[in-house]
>>> print(open('data.tsv').read())   # TSV, C-alpha atoms
chain	number	residue	atom	x	y	z
A	207	MET	CA	96.40	84.04	81.58
A	208	PRO	CA	98.58	84.73	83.45
A	209	THR	CA	101.01	86.56	81.17
A	210	THR	CA	104.08	86.74	83.41
A	211	PRO	CA	106.30	83.69	82.88
A	212	ALA	CA	107.48	81.70	85.85
A	213	GLY	CA	111.15	81.91	86.68
A	214	THR	CA	113.63	79.19	85.93
A	215	GLY	CA	115.71	77.29	88.44
A	216	ARG	CA	115.07	77.19	92.16
A	217	HIS	CA	112.76	79.90	93.39
A	218	ARG	CA	114.11	81.82	96.38
A	219	PRO	CA	111.36	83.23	98.63
A	220	SER	CA	111.62	87.01	98.86
A	221	ASP	CA	112.66	89.04	101.88
A	222	ARG	CA	109.26	90.72	101.75
A	223	LEU	CA	107.69	87.37	102.57
A	224	LEU	CA	109.45	87.43	105.93
A	225	THR	CA	107.59	90.63	106.87
A	226	VAL	CA	104.30	88.76	106.42
A	227	LEU	CA	104.91	85.27	107.86
A	228	THR	CA	105.22	84.24	111.50
A	229	CYS	CA	106.35	80.99	113.06
A	230	PRO	CA	103.35	78.61	113.29
A	231	LEU	CA	104.57	77.25	116.64
A	232	CYS	CA	105.16	80.54	118.48
A	233	PRO	CA	104.58	84.27	117.89
A	234	SER	CA	108.12	84.91	116.62
A	235	GLY	CA	109.10	86.19	113.21
A	236	LEU	CA	111.10	84.11	110.74
A	237	GLU	CA	114.57	84.59	109.26
A	238	ARG	CA	116.62	82.75	106.65
A	239	ALA	CA	118.93	80.01	107.89
A	240	ASP	CA	120.80	77.64	105.54
A	241	GLY	CA	118.04	76.84	103.05
A	242	ALA	CA	115.31	77.10	105.67
A	243	LEU	CA	113.33	79.61	107.70
A	244	ARG	CA	113.95	79.78	111.44
A	245	CYS	CA	112.44	81.74	114.33
A	246	ALA	CA	114.14	83.12	117.44
A	247	ARG	CA	113.20	79.95	119.34
A	248	ARG	CA	114.93	77.90	116.63
A	249	HIS	CA	111.83	76.32	115.17
A	250	THR	CA	113.03	75.52	111.65
A	251	PHE	CA	111.07	75.02	108.41
A	252	ASP	CA	112.55	73.81	105.16
A	253	ILE	CA	112.37	75.66	101.87
A	254	ALA	CA	111.55	72.86	99.42
A	255	ARG	CA	113.75	72.50	96.36
A	256	HIS	CA	110.68	73.49	94.31
A	257	GLY	CA	110.65	76.88	96.07
A	258	TYR	CA	107.74	76.73	98.50
A	259	VAL	CA	108.02	76.94	102.28
A	260	GLY	CA	106.60	74.01	104.25
A	261	LEU	CA	105.17	75.19	107.58
A	262	MET	CA	102.83	72.29	108.39
A	263	THR	CA	104.18	70.05	111.13
A	264	GLY	CA	102.84	67.11	113.12
A	265	HIS	CA	99.16	67.53	114.04
A	266	ARG	CA	98.85	70.43	111.62
A	267	ARG	CA	99.02	68.12	108.61
A	268	ALA	CA	95.91	68.60	106.46
A	269	ALA	CA	93.55	65.65	106.44
A	270	SER	CA	93.29	65.71	102.65
A	271	ALA	CA	94.94	67.57	99.80
A	272	ASP	CA	94.85	67.53	96.02
A	273	SER	CA	96.68	64.62	94.45
A	274	ALA	CA	99.30	64.81	91.72
A	275	ASP	CA	96.71	63.76	89.10
A	276	MET	CA	94.22	66.40	90.25
A	277	VAL	CA	96.87	69.11	90.06
A	278	ARG	CA	98.11	67.93	86.66
A	279	CYS	CA	94.59	67.95	85.22
A	280	ARG	CA	93.81	71.33	86.74
A	281	GLY	CA	96.97	72.82	85.29
A	282	ALA	CA	96.19	71.52	81.81
A	283	PHE	CA	92.59	72.75	81.94
A	284	LEU	CA	93.60	76.22	83.09
A	285	ARG	CA	96.43	76.50	80.54
A	286	ALA	CA	93.88	75.70	77.82
A	287	GLY	CA	92.20	79.00	78.73
A	288	HIS	CA	88.75	77.74	79.68
A	289	TYR	CA	88.65	79.89	82.82
A	290	ASP	CA	90.53	82.89	81.43
A	291	PRO	CA	87.42	85.13	81.64
A	292	LEU	CA	87.33	84.47	85.38
A	293	ALA	CA	91.06	85.24	85.73
A	294	ARG	CA	90.56	88.52	83.87
A	295	THR	CA	87.62	89.44	86.09
A	296	LEU	CA	89.67	88.85	89.23
A	297	ALA	CA	92.55	90.92	87.84
A	298	ARG	CA	90.22	93.82	87.05
A	299	LEU	CA	88.57	93.71	90.46
A	300	ALA	CA	91.96	93.58	92.16
A	301	THR	CA	92.98	96.89	90.58
A	302	GLU	CA	89.82	98.44	92.04
A	303	LEU	CA	90.29	96.97	95.50
A	304	ALA	CA	94.02	97.11	96.22
A	305	PRO	CA	96.98	99.45	95.62
A	306	PRO	CA	99.68	98.53	93.07
A	307	ASP	CA	102.11	97.51	95.85
A	308	ALA	CA	99.57	95.45	97.79
A	309	VAL	CA	100.11	92.32	99.84
A	310	VAL	CA	97.74	89.75	98.34
A	311	LEU	CA	96.91	86.48	100.10
A	312	ASP	CA	95.30	83.58	98.26
A	313	ALA	CA	93.67	81.08	100.63
A	314	GLY	CA	93.63	77.71	98.90
A	315	ALA	CA	95.79	78.93	96.03
A	316	GLY	CA	96.13	75.63	94.18
A	317	THR	CA	98.58	76.06	91.31
A	318	GLY	CA	98.69	79.84	91.80
A	319	HIS	CA	96.91	80.52	88.51
A	320	TYR	CA	94.49	83.18	89.77
A	321	LEU	CA	97.01	84.77	92.12
A	322	ALA	CA	99.40	85.18	89.19
A	323	SER	CA	96.71	86.96	87.16
A	324	VAL	CA	96.10	89.38	90.03
A	325	LEU	CA	99.83	90.03	90.43
A	326	ASP	CA	100.08	90.81	86.71
A	327	ALA	CA	97.48	93.53	87.29
A	328	LEU	CA	99.21	94.95	90.40
A	329	PRO	CA	102.78	95.75	89.25
A	330	GLY	CA	104.36	96.17	92.71
A	331	ALA	CA	102.36	93.62	94.67
A	332	MET	CA	103.58	90.56	96.53
A	333	GLY	CA	101.41	87.46	96.55
A	334	LEU	CA	101.28	84.70	99.12
A	335	GLY	CA	99.44	81.49	98.31
A	336	LEU	CA	98.47	79.05	101.06
A	337	ASP	CA	97.67	75.45	100.17
A	338	SER	CA	98.01	72.01	101.75
A	339	SER	CA	98.93	70.09	98.58
A	340	ALA	CA	102.65	69.70	97.95
A	341	HIS	CA	101.85	68.94	94.31
A	342	ALA	CA	99.97	72.23	93.91
A	343	LEU	CA	102.61	74.19	95.83
A	344	ARG	CA	105.32	73.10	93.40
A	345	ALA	CA	103.40	74.86	90.63
A	346	ALA	CA	102.35	77.83	92.77
A	347	ALA	CA	105.94	78.60	93.77
A	348	ARG	CA	106.78	79.15	90.09
A	349	ALA	CA	103.52	80.71	88.93
A	350	HIS	CA	104.74	84.31	89.22
A	351	ALA	CA	108.02	86.08	89.99
A	352	ARG	CA	106.34	88.02	92.83
A	353	GLY	CA	104.34	85.11	94.15
A	354	GLU	CA	105.28	82.97	97.15
A	355	ALA	CA	103.83	79.61	98.16
A	356	VAL	CA	103.49	78.25	101.68
A	357	GLY	CA	102.30	74.81	102.74
A	358	TRP	CA	99.46	75.28	105.21
A	359	ASP	CA	96.00	73.99	106.08
A	360	VAL	CA	93.80	77.08	105.64
A	361	TRP	CA	91.34	75.75	108.26
A	362	GLN	CA	94.00	76.27	110.92
A	363	PRO	CA	95.01	79.71	112.28
A	364	TRP	CA	97.38	81.08	109.66
A	365	PRO	CA	101.10	81.76	110.14
A	366	VAL	CA	100.53	85.32	108.91
A	367	ARG	CA	100.87	88.62	110.76
A	368	SER	CA	97.63	90.39	111.66
A	369	GLY	CA	96.44	93.31	109.54
A	370	ARG	CA	99.03	92.91	106.75
A	371	ALA	CA	96.96	91.97	103.70
A	372	HIS	CA	95.35	94.51	101.38
A	373	LEU	CA	93.45	91.78	99.52
A	374	VAL	CA	92.50	88.18	100.32
A	375	LEU	CA	91.47	85.91	97.43
A	376	ASN	CA	89.32	82.85	97.94
A	377	VAL	CA	88.53	81.01	94.70
A	378	PHE	CA	86.55	77.75	95.07
A	379	ALA	CA	88.40	77.12	98.31
A	380	PRO	CA	87.68	76.64	102.03
A	381	ARG	CA	86.57	79.84	103.80
A	382	ASN	CA	88.10	80.60	107.18
A	383	GLY	CA	86.22	83.80	108.06
A	384	PRO	CA	88.02	84.55	111.33
A	385	GLU	CA	91.42	84.35	109.67
A	386	PHE	CA	90.29	86.36	106.63
A	387	HIS	CA	89.31	89.11	109.03
A	388	ARG	CA	92.41	88.91	111.21
A	389	VAL	CA	94.99	89.16	108.42
A	390	LEU	CA	93.21	91.92	106.47
A	391	ARG	CA	93.95	95.60	106.97
A	392	PRO	CA	90.91	97.61	108.15
A	393	ASP	CA	90.69	99.11	104.64
A	394	GLY	CA	91.33	95.78	102.92
A	395	ALA	CA	88.99	93.60	100.88
A	396	LEU	CA	88.01	89.96	100.64
A	397	LEU	CA	87.27	88.67	97.12
A	398	VAL	CA	85.41	85.34	97.05
A	399	VAL	CA	84.49	83.33	93.95
A	400	THR	CA	81.73	80.73	94.12
A	401	PRO	CA	79.97	78.77	91.37
A	402	SER	CA	76.35	79.48	90.57
A	403	ASP	CA	73.89	76.60	90.40
A	404	ARG	CA	74.19	76.77	86.57
A	405	HIS	CA	77.93	76.08	86.59
A	406	LEU	CA	78.78	72.96	84.54
A	407	GLY	CA	75.12	71.98	84.69
A	408	GLU	CA	75.31	70.07	81.39
A	409	LEU	CA	77.85	67.63	82.85
A	410	ARG	CA	76.41	66.84	86.26
A	411	ARG	CA	74.34	63.80	85.42
A	412	SER	CA	76.27	62.67	82.34
A	413	VAL	CA	79.73	62.39	83.94
A	414	GLY	CA	79.04	62.57	87.66
A	415	LEU	CA	79.94	66.10	88.74
A	416	LEU	CA	78.46	67.02	92.08
A	417	ASP	CA	75.54	69.46	92.34
A	418	VAL	CA	75.97	73.06	93.42
A	419	ASP	CA	73.71	74.24	96.23
A	420	PRO	CA	71.49	76.99	94.73
A	421	ARG	CA	71.66	78.78	98.10
A	422	LYS	CA	75.46	78.73	98.18
A	423	GLU	CA	75.84	82.50	97.85
A	424	GLU	CA	73.23	83.10	100.55
A	425	ARG	CA	75.04	80.72	102.91
A	426	LEU	CA	78.34	82.42	102.16
A	427	ARG	CA	77.00	85.85	103.14
A	428	ARG	CA	75.47	84.45	106.31
A	429	THR	CA	78.72	82.72	107.28
A	430	LEU	CA	80.77	85.91	106.88
A	431	ALA	CA	78.20	88.39	108.17
A	432	ASP	CA	79.53	88.73	111.72
A	433	ARG	CA	82.96	89.91	110.53
A	434	PHE	CA	82.32	91.29	107.03
A	435	ARG	CA	79.83	93.48	105.22
A	436	HIS	CA	78.91	92.48	101.70
A	437	GLU	CA	79.80	95.30	99.32
A	438	ARG	CA	78.87	93.97	95.88
A	439	ALA	CA	78.76	90.92	93.65
A	440	GLU	CA	79.44	90.37	89.96
A	441	SER	CA	78.07	87.47	87.95
A	442	LEU	CA	80.08	85.97	85.10
A	443	GLU	CA	78.60	83.41	82.72
A	444	TYR	CA	79.77	82.13	79.34
A	445	ALA	CA	79.79	78.99	77.22
A	446	MET	CA	82.79	76.69	76.86
A	447	SER	CA	83.35	74.20	74.04
A	448	LEU	CA	85.07	71.17	75.55
A	449	SER	CA	86.77	68.18	73.98
A	450	ALA	CA	86.69	64.68	75.47
A	451	GLU	CA	90.11	65.35	77.02
A	452	ASP	CA	88.83	68.61	78.52
A	453	VAL	CA	85.81	66.92	80.07
A	454	ALA	CA	87.87	64.08	81.51
A	455	GLY	CA	90.33	66.60	82.96
A	456	LEU	CA	87.52	68.68	84.41
A	457	VAL	CA	86.18	65.70	86.31
A	458	ALA	CA	89.62	64.48	87.35
A	459	MET	CA	90.58	67.85	88.85
A	460	SER	CA	87.45	68.03	91.00
A	461	PRO	CA	86.25	66.26	94.17
A	462	ALA	CA	84.12	64.09	91.86
A	463	ALA	CA	87.35	62.31	90.89
A	464	ARG	CA	87.18	60.49	94.22
A	465	HIS	CA	83.77	59.00	93.31
A	466	VAL	CA	84.26	57.94	89.64
A	467	ASP	CA	87.00	55.50	88.61
A	468	ASP	CA	88.96	56.00	85.40
A	469	ALA	CA	87.24	53.26	83.41
A	470	GLU	CA	83.77	54.52	84.30
A	471	LEU	CA	84.76	58.10	83.51
A	472	ARG	CA	86.09	57.09	80.08
A	473	ARG	CA	82.86	55.23	79.37
A	474	ARG	CA	80.72	58.23	80.29
A	475	VAL	CA	82.82	60.66	78.26
A	476	ALA	CA	82.70	58.34	75.22
A	477	GLU	CA	78.91	58.59	75.22
A	478	LEU	CA	78.93	62.40	74.93
A	479	ALA	CA	78.32	64.24	71.66
A	480	LEU	CA	81.56	66.15	71.14
A	481	PRO	CA	82.53	68.90	71.42
A	482	VAL	CA	80.36	69.54	74.49
A	483	ARG	CA	78.91	72.98	75.06
A	484	VAL	CA	79.16	73.64	78.80
A	485	THR	CA	78.15	76.64	80.89
A	486	ALA	CA	80.72	78.32	83.12
A	487	SER	CA	78.91	80.43	85.72
A	488	PHE	CA	80.52	82.22	88.67
A	489	VAL	CA	79.78	84.87	91.28
A	490	ALA	CA	82.63	87.13	92.43
A	491	SER	CA	81.71	88.76	95.75
A	492	VAL	CA	83.50	91.66	97.46
A	493	TYR	CA	83.45	91.90	101.26
A	494	ARG	CA	84.86	94.57	103.57
A	495	PRO	CA	85.95	93.83	107.15
A	496	ARG	CA	83.76	95.14	109.92
A	497	GLU	CA	85.33	97.16	112.73
A	498	ARG	CA	87.45	94.92	114.91
A	499	GLN	CA	86.27	94.07	118.40
A	500	GLY	CA	89.12	93.54	120.86
A	501	PRO	CA	92.79	92.80	120.09
A	502	LEU	CA	93.92	91.10	116.91
A	503	ARG	CA	94.72	87.43	117.56
A	504	ARG	CA	94.41	84.04	116.01
A	505	ARG	CA	90.79	82.97	116.31
A	506	ASP	CA	89.08	79.68	116.95
A	507	VAL	CA	89.05	77.38	113.95
A	508	PRO	CA	85.65	77.34	112.19
A	509	PRO	CA	83.88	74.05	111.51
A	510	ARG	CA	85.30	72.13	108.55
A	511	PRO	CA	82.53	71.45	106.00
A	512	CYS	CA	82.46	68.85	103.27
A	513	ALA	CA	84.87	69.27	100.36
A	514	ALA	CA	83.98	71.82	97.69
A	515	ALA	CA	81.79	70.37	94.99
A	516	VAL	CA	83.25	72.29	92.07
A	517	PRO	CA	86.60	72.07	90.24
A	518	TRP	CA	88.89	75.13	90.20
>>> encode(input="data.tsv", output="structure tokens")
Amino acid sequence: MPTTPAGTGRHRPSDRLLTVLTCPLCPSGLERADGALRCARRHTFDIARHGYVGLMTGHRRAASADSADMVRCRGAFLRAGHYDPLARTLARLATELAPPDAVVLDAGAGTGHYLASVLDALPGAMGLGLDSSAHALRAAARAHARGEAVGWDVWQPWPVRSGRAHLVLNVFAPRNGPEFHRVLRPDGALLVVTPSDRHLGELRRSVGLLDVDPRKEERLRRTLADRFRHERAESLEYAMSLSAEDVAGLVAMSPAARHVDDAELRRRVAELALPVRVTASFVASVYRPRERQGPLRRRDVPPRPCAAAVPW
């Protein structure tokens, strides 16, 4: 997963993308202009040679983003297929929640892996992945022929038109409830994936992965409750058999990488009995937007919590 190969050469963002994006500095729409996007007030944003559109400027720069090593390790781990059951679950749910020609937004898209799986399942859909890491965006821009990648801090009000998305994905990523609600159509759906407290439990003490709050799903529902109604949740749990390289990559692609140096990580992995049997355990939750109160507009930015404790 995904099955659709990325294109070759420089990716050219589609015209359909321009019907979804807005200028982040003013309410204007965007048009193509000499290898960039430009609004009527001449605010101009480069299309990177890797194919993504960079809309973050000045004070909008994200405070932190995934490093090149984190993205490389995440890509290798996902290509090895360890999270393919999750990708298949998201693809199946997407066909139940959105039409074949949907606009799908992925908030915190990373390398675009899960968005690509959803686009494979929706043959006429366009996907837009938002992420603050240039390293991740380079991969996301090529993850799927109908997928677009935009550099943006998802905690800030999004440069996306109101009420355009049929489906918003949020997989192990920051959750900006006001913006989820604003960009969704009234009949749209929000699909959120969180880890259960059993996820990667066998590795927490041995290699230093951070704990998962057992009340994470409860907190999620409470955070979204004022703008969304919880429709249903699906649990997914299975065993993975991981090599030493897999385990090292799993740690390196997660926030734990910032707390364990390479030498210490290698020492801890060397002490494991290999291959390691590890539990993957997720909850996929479906939310529907509540009736809107007042005009659609960019909302106040919600509080920024600590970094997610679980690798993608």
>>> closest_residue(input="data.tsv", among="A:Ala349, A:Leu478, A:Leu430, A:Leu336", to="Leu311 of chain A", atoms="all atoms listed in the file")
A:Leu336
>>> closest_residue(input="data.tsv", among="A:Leu415, A:Leu299, A:Leu224, A:Ala286", to="Arg438 of chain A", atoms="all atoms listed in the file")
A:Leu299
>>> atom_distance(input="data.tsv", atom1="atom CA of Ser412 of chain A", atom2="atom CA of Arg278 of chain A")
22.9 Å
>>> closest_residue(input="data.tsv", among="A:Gly235, A:Gly314, A:Gly353, A:Pro392", to="Ser339 of chain A", atoms="all atoms listed in the file")
A:Gly314
>>> atom_distance(input="data.tsv", atom1="atom CA of Leu373 of chain A", atom2="atom CA of Ala254 of chain A")
26.2 Å
>>> closest_residue(input="data.tsv", among="A:Ala355, A:Leu292, A:Ala479, A:Leu321", to="Ile253 of chain A", atoms="all atoms listed in the file")
A:Ala355
>>> atom_distance(input="data.tsv", atom1="atom CA of Asn376 of chain A", atom2="atom CA of Glu302 of chain A")
16.7 Å
>>> closest_residue(input="data.tsv", among="A:Arg244, A:Arg352, A:Arg410, A:Arg370", to="Val259 of chain A", atoms="all atoms listed in the file")
A:Arg244
